[in-house]
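Next comes protein-v6.cif, a file with mmCIF, C-alpha atoms (C1' of nucleotides).
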data_my_file
#
loop_
_atom_site.label_atom_id
_atom_site.label_comp_id
_atom_site.auth_asym_id
_atom_site.auth_seq_id
_atom_site.Cartn_x
_atom_site.Cartn_y
_atom_site.Cartn_z
CA MET A 539 0.00 0.00 0.00
CA LEU A 540 2.87 2.38 0.65
CA GLU A 541 3.77 2.30 -3.06
CA THR A 542 0.47 4.05 -3.79
CA LEU A 543 1.34 6.80 -1.35
CA THR A 544 4.87 7.09 -2.75
CA GLN A 545 3.42 7.48 -6.22
CA HIS A 546 0.95 10.10 -4.97
CA ILE A 547 3.75 12.14 -3.40
CA THR A 548 5.92 11.81 -6.49
CA ASN A 549 3.08 12.97 -8.71
CA ARG A 550 2.42 16.00 -6.55
CA LEU A 551 6.02 17.11 -6.25
CA GLY A 552 7.09 16.20 -9.76
CA LYS A 553 9.80 13.87 -8.46
CA LEU A 554 10.48 11.44 -5.65
CA PRO A 555 11.85 13.44 -2.72
CA ASP A 556 15.11 12.08 -1.35
CA ASN A 557 13.81 12.22 2.20
CA ILE A 558 10.80 9.99 1.47
CA ASP A 559 12.09 7.56 4.09
CA LEU A 560 11.43 10.15 6.78
CA VAL A 561 7.80 10.21 5.72
CA LEU A 562 6.59 6.69 4.98
CA PRO A 563 7.24 5.08 8.41
CA HIS A 564 4.73 7.47 9.97
CA PHE A 565 1.86 5.91 8.06
CA GLU A 566 -0.14 2.99 9.35
CA ALA A 567 -2.34 0.73 7.23
CA VAL A 568 -6.03 0.46 8.11
CA ILE A 569 -8.43 -2.01 6.54
CA THR A 570 -12.11 -1.26 7.03
CA LYS A 571 -15.51 -2.74 6.38
CA ARG A 572 -18.39 -0.99 4.67
CA GLY A 573 -20.06 1.30 7.16
CA ASP A 574 -17.15 1.62 9.59
CA LEU A 575 -16.96 5.01 11.29
CA LEU A 576 -13.55 6.68 11.48
CA LEU A 577 -14.81 9.76 13.31
CA GLN A 578 -17.94 10.78 15.20
CA PRO A 579 -19.17 14.20 16.42
CA GLY A 580 -17.66 15.06 19.77
CA GLU A 581 -14.59 12.96 19.11
CA VAL A 582 -11.21 14.58 18.53
CA CYS A 583 -9.90 13.70 15.08
CA LYS A 584 -6.47 12.15 15.59
CA HIS A 585 -5.62 11.16 12.01
CA VAL A 586 -5.45 12.20 8.41
CA TYR A 587 -6.44 9.38 6.06
CA PHE A 588 -4.97 8.67 2.67
CA ILE A 589 -7.21 6.47 0.55
CA VAL A 590 -5.44 3.65 -1.27
CA GLU A 591 -8.73 1.97 -2.15
CA GLY A 592 -12.34 2.74 -1.25
CA CYS A 593 -14.46 5.79 -0.51
CA LEU A 594 -15.00 7.95 2.58
CA GLN A 595 -18.08 10.06 3.30
CA VAL A 596 -17.79 13.12 5.56
CA PHE A 597 -21.19 14.17 6.84
CA VAL A 598 -23.30 15.73 9.60
CA THR A 599 -26.81 14.92 10.80
CA ASP A 600 -29.66 17.36 11.37
CA LYS A 601 -32.23 17.47 14.20
CA ASN A 602 -34.26 14.73 12.50
CA GLY A 603 -31.26 12.48 11.99
CA ASN A 604 -31.05 13.11 8.25
CA GLU A 605 -27.55 12.98 6.87
CA SER A 606 -25.94 15.81 4.90
CA THR A 607 -22.73 14.93 3.14
CA ARG A 608 -20.08 17.61 2.96
CA GLU A 609 -17.69 15.63 0.77
CA PHE A 610 -16.81 12.24 -0.64
CA TYR A 611 -13.17 11.21 -0.96
CA ILE A 612 -11.89 8.41 -3.17
CA GLU A 613 -8.62 6.75 -4.21
CA ASP A 614 -5.54 8.97 -4.13
CA GLN A 615 -7.22 11.61 -1.94
CA TRP A 616 -6.83 12.74 1.66
CA ALA A 617 -9.66 12.99 4.16
CA THR A 618 -9.96 14.45 7.65
CA ASP A 619 -11.80 17.14 9.60
CA ILE A 620 -8.96 19.59 9.07
CA PHE A 621 -10.00 22.21 11.61
CA GLY A 622 -10.75 19.78 14.39
CA PHE A 623 -7.56 17.93 13.52
CA GLN A 624 -5.30 20.99 13.47
CA ASN A 625 -6.72 22.35 16.69
CA GLN A 626 -7.32 18.96 18.34
CA ILE A 627 -10.83 19.94 19.33
CA PRO A 628 -14.02 17.85 19.16
CA SER A 629 -15.37 17.43 15.66
CA ALA A 630 -18.89 18.14 14.44
CA GLU A 631 -18.68 15.60 11.65
CA TYR A 632 -18.78 11.90 10.94
CA ILE A 633 -16.34 10.13 8.64
CA ARG A 634 -17.64 6.81 7.33
CA CYS A 635 -16.47 4.17 4.87
CA THR A 636 -19.13 3.78 2.18
CA GLU A 637 -17.43 0.53 1.16
CA PRO A 638 -14.56 -1.69 2.35
CA CYS A 639 -11.42 0.48 2.32
CA LYS A 640 -7.65 0.24 2.33
CA LEU A 641 -6.33 3.34 4.05
CA LEU A 642 -3.07 4.78 5.27
CA ARG A 643 -3.37 7.02 8.27
CA ILE A 644 -0.95 9.40 9.93
CA HIS A 645 -1.32 10.49 13.53
CA TYR A 646 -1.54 14.13 14.66
CA GLU A 647 1.91 14.22 16.29
CA SER A 648 3.60 12.66 13.27
CA PHE A 649 1.78 15.00 10.94
CA GLN A 650 2.91 18.13 12.81
CA LYS A 651 6.45 16.85 13.03
CA LEU A 652 6.65 16.13 9.31
CA ALA A 653 5.05 19.47 8.45
CA ASN A 654 7.78 21.23 10.43
CA VAL A 655 10.71 19.06 9.38
CA VAL A 656 9.98 18.07 5.78
CA PRO A 657 9.31 21.09 3.53
CA GLN A 658 7.86 18.89 0.79
CA PHE A 659 5.32 17.53 3.21
CA ALA A 660 4.31 21.05 4.24
CA ALA A 661 4.06 21.98 0.57
CA ILE A 662 1.72 19.10 -0.18
CA TYR A 663 -0.40 20.05 2.81
CA LYS A 664 -0.68 23.64 1.58
CA GLN A 665 -1.62 22.41 -1.92
CA ILE A 666 -4.33 20.20 -0.51
CA LEU A 667 -5.61 22.94 1.77
CA GLU A 668 -5.94 25.39 -1.11
CA VAL A 669 -7.67 22.93 -3.38
CA SER A 670 -10.00 21.79 -0.59
CA TYR A 671 -10.86 25.37 0.24
CA ASN A 672 -11.57 26.13 -3.37
CA ASN A 673 -13.79 23.06 -3.74
CA THR A 674 -15.74 24.05 -0.67
CA VAL A 675 -16.15 27.62 -1.91
CA TYR A 676 -17.47 26.23 -5.16
CA ARG A 677 -19.83 24.04 -3.21
CA VAL A 678 -21.24 26.97 -1.23
CA ASN A 679 -21.82 28.84 -4.46
CA THR A 680 -23.61 25.93 -6.11
CA LEU A 681 -25.75 25.32 -3.03
CA THR A 682 -26.91 28.93 -2.83
CA SER A 683 -27.15 29.85 -6.49
CA MET A 684 -28.50 26.71 -8.17
CA ASP A 685 -31.77 24.81 -7.86
CA ALA A 686 -31.89 21.04 -7.41
CA LEU A 687 -31.87 20.21 -11.13
CA GLU A 688 -28.93 22.50 -11.84
CA ARG A 689 -26.98 20.98 -8.96
CA ILE A 690 -27.62 17.48 -10.30
CA LYS A 691 -26.35 18.50 -13.73
CA TRP A 692 -23.38 20.19 -12.11
CA MET A 693 -22.51 17.02 -10.27
CA MET A 694 -22.89 14.82 -13.33
CA GLU A 695 -20.44 17.04 -15.18
CA ASN A 696 -18.01 17.64 -12.35
CA LYS A 697 -18.17 14.47 -10.27
CA PRO A 698 -19.16 11.73 -12.72
CA LYS A 699 -17.14 9.06 -10.90
CA ILE A 700 -18.78 9.79 -7.56
CA MET A 701 -22.17 9.95 -9.26
CA ALA A 702 -21.71 6.51 -10.81
CA ARG A 703 -20.19 4.89 -7.74
CA LEU A 704 -22.52 5.76 -4.89
CA SER A 705 -26.16 5.15 -4.07
CA SER A 706 -28.87 7.71 -4.82
CA LYS A 707 -29.35 8.22 -1.12
CA LEU A 708 -25.73 9.26 -0.66
CA ILE A 709 -25.72 11.43 -3.78
CA ALA A 710 -28.91 13.14 -2.60
CA SER A 711 -27.37 13.80 0.81
CA TYR A 712 -24.49 15.54 -0.98
CA LEU A 713 -26.79 17.61 -3.17
CA GLY A 714 -28.93 18.72 -0.24
CA ILE A 715 -32.12 17.14 -1.59
CA SER A 716 -34.19 14.05 -0.80
CA ALA A 717 -33.54 10.77 -2.58
CA GLU A 718 -37.04 10.92 -4.08
CA THR A 719 -36.43 14.34 -5.59
CA LEU A 720 -33.19 13.07 -7.09
CA THR A 721 -35.01 10.16 -8.72
CA ARG A 722 -37.70 12.42 -10.14
CA LEU A 723 -35.41 15.13 -11.43
CA LYS A 724 -32.97 12.69 -13.05
CA SER A 725 -35.75 11.60 -15.38
CA LYS A 726 -36.10 15.21 -16.57
CA ILE A 727 -32.60 15.43 -17.95
CA MET B 747 -3.89 53.00 7.93
CA LEU B 748 -0.73 50.95 8.09
CA GLU B 749 -0.87 51.05 11.91
CA THR B 750 -4.05 48.95 11.75
CA LEU B 751 -2.27 46.36 9.64
CA THR B 752 0.76 46.41 11.95
CA GLN B 753 -1.51 45.81 14.91
CA HIS B 754 -3.27 42.98 13.06
CA ILE B 755 0.03 41.26 12.33
CA THR B 756 1.24 41.74 15.90
CA ASN B 757 -1.97 40.25 17.28
CA ARG B 758 -1.69 37.21 15.06
CA LEU B 759 1.96 36.51 15.74
CA GLY B 760 1.94 37.46 19.42
CA LYS B 761 4.64 40.07 18.86
CA LEU B 762 5.80 42.61 16.31
CA PRO B 763 8.09 40.80 13.88
CA ASP B 764 11.45 42.52 13.41
CA ASN B 765 11.19 42.32 9.66
CA ILE B 766 7.89 44.19 9.51
CA ASP B 767 9.57 46.81 7.30
CA LEU B 768 9.93 44.21 4.59
CA VAL B 769 6.18 43.76 4.61
CA LEU B 770 4.45 47.12 4.96
CA PRO B 771 5.85 48.83 1.83
CA HIS B 772 4.11 46.24 -0.33
CA PHE B 773 0.68 47.47 0.71
CA GLU B 774 -1.18 50.19 -1.11
CA ALA B 775 -4.10 52.18 0.32
CA VAL B 776 -7.43 52.08 -1.53
CA ILE B 777 -10.40 54.29 -0.67
CA THR B 778 -13.72 53.15 -2.13
CA LYS B 779 -17.31 54.28 -2.42
CA ARG B 780 -20.36 52.23 -1.54
CA GLY B 781 -21.04 49.80 -4.39
CA ASP B 782 -17.56 49.83 -5.93
CA LEU B 783 -16.57 46.51 -7.49
CA LEU B 784 -13.06 45.20 -6.74
CA LEU B 785 -13.46 42.04 -8.82
CA GLN B 786 -15.84 40.72 -11.48
CA PRO B 787 -16.33 37.25 -12.95
CA GLY B 788 -13.89 36.58 -15.78
CA GLU B 789 -11.34 38.99 -14.32
CA VAL B 790 -8.09 37.70 -12.82
CA CYS B 791 -7.87 38.65 -9.15
CA LYS B 792 -4.60 40.55 -8.74
CA HIS B 793 -4.85 41.56 -5.07
CA VAL B 794 -5.56 40.46 -1.55
CA TYR B 795 -7.44 43.13 0.41
CA PHE B 796 -7.03 43.93 4.08
CA ILE B 797 -9.99 45.84 5.48
CA VAL B 798 -9.08 48.78 7.68
CA GLU B 799 -12.63 50.11 7.64
CA GLY B 800 -15.77 48.98 5.81
CA CYS B 801 -17.26 45.76 4.54
CA LEU B 802 -16.74 43.60 1.45
CA GLN B 803 -19.27 41.22 -0.07
CA VAL B 804 -18.04 38.25 -2.12
CA PHE B 805 -20.85 36.88 -4.27
CA VAL B 806 -21.95 35.15 -7.47
CA THR B 807 -25.06 35.61 -9.59
CA ASP B 808 -27.38 32.90 -10.91
CA LYS B 809 -29.04 32.58 -14.32
CA ASN B 810 -31.75 35.07 -13.25
CA GLY B 811 -29.26 37.61 -11.98
CA ASN B 812 -30.01 36.92 -8.31
CA GLU B 813 -27.04 37.41 -6.04
CA SER B 814 -25.75 34.71 -3.67
CA THR B 815 -23.25 35.90 -1.13
CA ARG B 816 -20.48 33.50 -0.21
CA GLU B 817 -18.98 35.65 2.53
CA PHE B 818 -18.89 39.10 4.10
CA TYR B 819 -15.60 40.49 5.36
CA ILE B 820 -15.26 43.37 7.82
CA GLU B 821 -12.57 45.34 9.70
CA ASP B 822 -9.38 43.44 10.46
CA GLN B 823 -10.14 40.69 7.93
CA TRP B 824 -8.66 39.69 4.58
CA ALA B 825 -10.66 39.18 1.41
CA THR B 826 -9.87 37.76 -2.01
CA ASP B 827 -10.81 34.93 -4.35
CA ILE B 828 -7.99 32.75 -3.06
CA PHE B 829 -8.04 30.11 -5.75
CA GLY B 830 -8.25 32.52 -8.65
CA PHE B 831 -5.61 34.66 -6.99
CA GLN B 832 -3.15 31.84 -6.30
CA ASN B 833 -3.50 30.39 -9.77
CA GLN B 834 -3.97 33.72 -11.54
CA ILE B 835 -6.94 32.42 -13.44
CA PRO B 836 -10.26 34.17 -14.17
CA SER B 837 -12.55 34.39 -11.18
CA ALA B 838 -16.20 33.30 -10.95
CA GLU B 839 -17.00 35.80 -8.21
CA TYR B 840 -17.68 39.46 -7.60
CA ILE B 841 -16.14 41.42 -4.73
CA ARG B 842 -18.10 44.57 -3.86
CA CYS B 843 -17.91 47.26 -1.19
CA THR B 844 -21.22 47.33 0.68
CA GLU B 845 -20.20 50.72 2.11
CA PRO B 846 -17.36 53.24 1.70
CA CYS B 847 -14.16 51.38 2.62
CA LYS B 848 -10.57 52.02 3.60
CA LEU B 849 -8.51 49.10 2.34
CA LEU B 850 -4.91 48.04 2.03
CA ARG B 851 -4.15 45.82 -0.90
CA ILE B 852 -1.15 43.74 -1.82
CA HIS B 853 -0.40 42.67 -5.38
CA TYR B 854 0.07 39.06 -6.48
CA GLU B 855 3.82 39.37 -7.12
CA SER B 856 4.45 41.02 -3.77
CA PHE B 857 2.33 38.45 -1.99
CA GLN B 858 4.25 35.50 -3.45
CA LYS B 859 7.55 37.15 -2.72
CA LEU B 860 6.68 37.80 0.91
CA ALA B 861 5.24 34.30 1.35
CA ASN B 862 8.58 32.88 0.20
CA VAL B 863 10.88 35.30 1.99
CA VAL B 864 9.11 36.14 5.26
CA PRO B 865 8.16 33.04 7.25
CA GLN B 866 5.79 35.04 9.49
CA PHE B 867 3.89 36.18 6.45
CA ALA B 868 3.57 32.59 5.23
CA ALA B 869 2.41 31.57 8.71
CA ILE B 870 -0.35 34.19 8.76
CA TYR B 871 -1.43 33.10 5.31
CA LYS B 872 -1.67 29.49 6.49
CA GLN B 873 -3.65 30.55 9.56
CA ILE B 874 -6.10 32.50 7.43
CA LEU B 875 -6.41 29.69 4.93
CA GLU B 876 -7.26 27.17 7.65
CA VAL B 877 -9.80 29.41 9.33
CA SER B 878 -11.37 30.34 5.99
CA TYR B 879 -11.60 26.72 5.01
CA ASN B 880 -13.20 25.83 8.30
CA ASN B 881 -15.73 28.64 8.00
CA THR B 882 -16.65 27.49 4.54
CA VAL B 883 -17.01 23.88 5.67
CA TYR B 884 -19.32 25.07 8.41
CA ARG B 885 -21.26 27.03 5.88
CA VAL B 886 -21.76 24.00 3.62
CA ASN B 887 -23.01 22.04 6.60
CA THR B 888 -25.49 24.74 7.64
CA LEU B 889 -26.74 25.15 4.08
CA THR B 890 -27.42 21.44 3.62
CA SER B 891 -28.55 20.46 7.10
CA MET B 892 -30.65 23.42 8.30
CA ASP B 893 -33.89 24.96 7.06
CA ALA B 894 -34.26 28.71 6.56
CA LEU B 895 -35.35 29.45 10.13
CA GLU B 896 -32.50 27.48 11.65
CA ARG B 897 -30.00 29.25 9.39
CA ILE B 898 -31.33 32.63 10.49
CA LYS B 899 -30.96 31.68 14.14
CA TRP B 900 -27.49 30.33 13.43
CA MET B 901 -26.50 33.60 11.85
CA MET B 902 -27.91 35.69 14.68
CA GLU B 903 -25.84 33.70 17.15
CA ASN B 904 -22.68 33.39 15.10
CA LYS B 905 -22.58 36.56 13.02
CA PRO B 906 -24.47 39.16 15.08
CA LYS B 907 -22.30 42.05 13.85
CA ILE B 908 -22.91 41.21 10.20
CA MET B 909 -26.59 40.69 10.89
CA ALA B 910 -26.93 44.12 12.50
CA ARG B 911 -24.82 45.94 9.96
CA LEU B 912 -26.17 44.89 6.58
CA SER B 913 -29.51 45.14 4.79
CA SER B 914 -32.02 42.32 4.78
CA LYS B 915 -31.44 41.84 1.12
CA LEU B 916 -27.74 41.17 1.67
CA ILE B 917 -28.36 38.95 4.68
CA ALA B 918 -30.89 36.95 2.69
CA SER B 919 -28.42 36.52 -0.16
CA TYR B 920 -25.98 35.04 2.36
CA LEU B 921 -28.56 32.70 3.85
CA GLY B 922 -29.68 31.46 0.47
CA ILE B 923 -33.27 32.68 0.85
CA SER B 924 -35.34 35.57 -0.50
CA ALA B 925 -35.54 38.86 1.39
CA GLU B 926 -39.30 38.33 1.87
CA THR B 927 -38.77 34.95 3.49
CA LEU B 928 -36.22 36.50 5.82
CA THR B 929 -38.72 39.19 6.90
CA ARG B 930 -41.45 36.62 7.51
CA LEU B 931 -39.33 34.14 9.40
CA LYS B 932 -37.67 36.76 11.59
CA SER B 933 -41.10 37.54 13.08
CA LYS B 934 -41.38 33.89 14.17
CA ILE B 935 -38.38 33.98 16.46
"C1'" DC C 994 -32.52 69.77 2.97
"C1'" DC C 995 -34.94 67.18 -0.28
"C1'" DC C 996 -36.33 63.74 -3.47
"C1'" DA C 997 -35.21 59.69 -6.02
"C1'" DA C 998 -33.86 55.43 -4.87
"C1'" DC C 999 -33.73 51.98 -1.94
"C1'" DT C 1000 -35.83 49.03 2.06
"C1'" DC C 1001 -39.04 46.65 4.72
"C1'" DT C 1002 -43.27 44.49 5.29
"C1'" DT C 1003 -47.47 42.08 4.02
"C1'" DG C 1004 -50.71 39.63 1.00
"C1'" DA C 1005 -51.91 36.47 -2.70
"C1'" DT C 1006 -50.43 32.94 -5.34
"C1'" DA C 1007 -47.17 29.70 -7.64
"C1'" DA C 1008 -43.41 26.61 -7.78
"C1'" DA C 1009 -40.12 23.57 -5.76
"C1'" DT C 1010 -39.15 20.17 -2.73
"C1'" DG C 1011 -40.16 17.13 1.28
"C1'" DT C 1012 -42.69 13.34 3.53
"C1'" DC C 1013 -45.04 9.12 3.83
"C1'" DA C 1014 -46.30 4.87 1.80
"C1'" DA C 1015 -45.92 0.79 -0.97
"C1'" DG C 1016 -44.21 -2.52 -4.34
"C1'" DA C 1017 -40.58 -4.47 -7.21
"C1'" DG C 1018 -35.79 -5.21 -7.70
"C1'" DT C 1019 -31.14 -5.87 -5.78
"C1'" DT C 1020 -27.48 -6.75 -2.53
"C1'" DT C 1021 -25.31 -8.52 1.58
"C1'" DA C 1022 -23.88 -11.28 5.14
"C1'" DA C 1023 -24.64 -15.39 7.73
"C1'" DT D 817 -28.25 -20.05 -0.86
"C1'" DT D 818 -31.44 -17.45 1.11
"C1'" DA D 819 -33.81 -14.25 4.10
"C1'" DA D 820 -33.37 -9.80 5.66
"C1'" DA D 821 -32.09 -5.50 4.67
"C1'" DC D 822 -31.44 -2.15 1.67
"C1'" DT D 823 -32.58 0.57 -2.97
"C1'" DC D 824 -35.13 2.63 -6.51
"C1'" DT D 825 -39.22 4.36 -8.29
"C1'" DT D 826 -43.82 6.29 -8.28
"C1'" DG D 827 -48.07 8.36 -6.35
"C1'" DA D 828 -50.58 11.44 -3.28
"C1'" DC D 829 -50.29 15.04 -0.51
"C1'" DA D 830 -48.07 18.55 2.74
"C1'" DT D 831 -44.84 22.04 3.56
"C1'" DT D 832 -41.51 25.36 2.58
"C1'" DT D 833 -39.98 28.92 0.01
"C1'" DA D 834 -40.14 31.97 -4.17
"C1'" DT D 835 -42.33 35.39 -6.92
"C1'" DC D 836 -44.94 39.38 -7.93
"C1'" DA D 837 -47.18 43.41 -6.35
"C1'" DA D 838 -48.00 47.48 -3.67
"C1'" DG D 839 -47.70 50.81 0.03
"C1'" DA D 840 -45.25 52.99 3.95
"C1'" DG D 841 -40.92 54.15 5.76
"C1'" DT D 842 -36.03 55.36 5.40
"C1'" DT D 843 -31.79 57.07 3.51
"C1'" DG D 844 -28.01 59.17 1.23
"C1'" DG D 845 -25.95 61.98 -2.39
"C1'" DG D 846 -26.40 66.27 -4.78
#
Represent the structure contained in this file as structure tokens.
Amino acid sequence: MLETLTQHITNRLGKLPDNIDLVLPHFEAVITKRGDLLLQPGEVCKHVYFIVEGCLQVFVTDKNGNESTREFYIEDQWATDIFGFQNQIPSAEYIRCTEPCKLLRIHYESFQKLANVVPQFAAIYKQILEVSYNNTVYRVNTLTSMDALERIKWMMENKPKIMARLSSKLIASYLGISAETLTRLKSKI
Amino acid sequence: MLETLTQHITNRLGKLPDNIDLVLPHFEAVITKRGDLLLQPGEVCKHVYFIVEGCLQVFVTDKNGNESTREFYIEDQWATDIFGFQNQIPSAEYIRCTEPCKLLRIHYESFQKLANVVPQFAAIYKQILEVSYNNTVYRVNTLTSMDALERIKWMMENKPKIMARLSSKLIASYLGISAETLTRLKSKI
DNA sequence: CCCAACTCTTGATAAATGTCAAGAGTTTAA
DNA sequence: TTAAACTCTTGACATTTATCAAGAGTTGGG
């Protein structure tokens, strides 16, 4: 599994950093089942997860227990509750495996150490932070400026893999609509 | 105006950095009128703005021309379209002064130079990026998991200054509802 | 200081989306 | 392999929110 991570780092930096051996030992393999929870509200998020295989759903629940998905992460991506992680404060979110997963996780202390000691690691973190922020900004703008049908079309164009891979219920929870509305509107396209 | 920025930097770093004189000369004062646009969709965002006095609205428009506000920024905050700025690509957003403003702006080239040369500047940027990302994550979660009334209450508790300062129309555009709905629901609290 | 332009509120109505229910199809885990 | 648990779709209906309109109040730039 570490080869996947090595490849990911190489791709991001353009070359294999010579200090890669400082980085890899800090990662621990985790094998999960479908439905496993990696984080629950109130819990302090101790890890950042790199996805070798599988899919993670980051979500919250409302007063009625309905789930709203903030983001899905798949192969070659990183998932965590960044703010809770960086500040080591209780999270408001769940992280769940939507399918059996092969993950590599790095603990808070290791992460901070690498970020301070290995400039390439800090650089990758900054890259990911900027892209994540941008994605979330985009998401706010789609949620406030598009109706349900437009958001569905947006997702089909911009997240076709996610759209094809996950159940309607999960997709609907990402789009901020009910599963029934998703079914009905899809037939109008 | 530069004193305000100096104070801001001191507050964030805990002390006045000794290389502050490397930083300040890169900032240029901008005085605006109510309604002035600092950025329009399609334009490449060349500056980051520090608000000494006033309020900036970052928003998009939908197919009908309705405005959706992504964020309001007030005194002692920074505003820009970070992704468009960092990648120097055309923006999708507007930035507008909701009132006459006193701003300090820093140009893209200067910003990159300082981020590379002055570690404290890079640190503040990282801080702001993390907090901005967190705010936006929170915003996605409120937009998808709360109804209009809950979002209004959330805003009254979490953004009371913004709520008191801006018109209903602007508040509504931030909450993702019409101004009429805001009026009606406010009377139910 | 004044008036045109904006703002807030309220009503009537329309449109979008949610909720509940039920049946057929599909998947999963023992 | 099979039963139980999900999933998808559709219908009927309820609820939320938007839209359009109009009048009273407020404001800010000349």
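Placed on chain A by a least-squares fit of every C-alpha atom, chain B shows an RMSD of 0.0 Å.
The space between CA of Ser814 in chain B and CA of Ser919 in chain B spans 4.8 Å.
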Check which residues of chain A sit at most 9 Å from chain C using only C-alpha atoms (C1' of nucleotides), and return one row each with the closest pair of atoms and their distance in Å to one decimal, ordered by chain and rising number, as JSON lines.
{"residue": "A:Asp685", "atom": "CA", "partner": "C:DA1009", "partner_atom": "C1'", "distance": 8.7}
{"residue": "A:Ala686", "atom": "CA", "partner": "C:DT1010", "partner_atom": "C1'", "distance": 8.7}
{"residue": "A:Ile715", "atom": "CA", "partner": "C:DT1010", "partner_atom": "C1'", "distance": 7.7}
{"residue": "A:Ser716", "atom": "CA", "partner": "C:DG1011", "partner_atom": "C1'", "distance": 7.0}
{"residue": "A:Glu718", "atom": "CA", "partner": "C:DG1011", "partner_atom": "C1'", "distance": 8.8}
{"residue": "A:Thr719", "atom": "CA", "partner": "C:DT1010", "partner_atom": "C1'", "distance": 7.0}
May I have the residues from that selection written out with C-alpha atoms, as a tab-separated table (two decimals), in the coordinates of the input?
chain	number	residue	atom	x	y	z
A	685	ASP	CA	-31.77	24.81	-7.86
A	686	ALA	CA	-31.89	21.04	-7.41
A	715	ILE	CA	-32.12	17.14	-1.59
A	716	SER	CA	-34.19	14.05	-0.80
A	718	GLU	CA	-37.04	10.92	-4.08
A	719	THR	CA	-36.43	14.34	-5.59
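Using all atoms listed in the file, the part of chain D that sits within 9 Å of chain A is made up of DT823, DC824, DT825 and DT826 of chain D.
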Check: which chain B residues lie within 8 Å of chain A using only C-alpha atoms, as a list in words
Val806, Thr807, Asp808, Asn812, Glu813, Ser814, Thr815, Arg816, Ile828, Phe829, Lys872, Leu875, Glu876, Val877, Ser878, Tyr879, Asn880, Thr882, Val883, Arg885, Val886, Asn887, Leu889, Thr890, Ser891, Met892, Leu921 and Gly922 of chain B
For CA of Ser648 in chain A and CA of Ile627 in chain A, determine how far apart the two atoms are, in Å to one decimal place.
17.3 Å
Run the PyMOL selection byres ((chain B and resi 844) around 6) against the file shown and list the residues it catches, as a PyMOL selection string.
chain B and resi 780-781+801-802+843+845
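Computed from the coordinates, the CA of Leu551 in chain A to CA of Leu652 in chain A distance equals 15.6 Å.
Taking all atoms listed in the file into account, the residues near (-3.7, 52.4, 10.7), no farther than 10 Å, are B:Met747, B:Leu748, B:Glu749, B:Thr750, B:Leu751, B:Thr752, B:Gln753, B:His754, B:Val798, B:Glu799, B:Lys848, B:Leu850.
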Between B:Tyr795, B:Tyr871, B:Tyr854, B:Phe818, smallest distance to Phe831 in chain B by all atoms listed in the file belongs to B:Tyr854
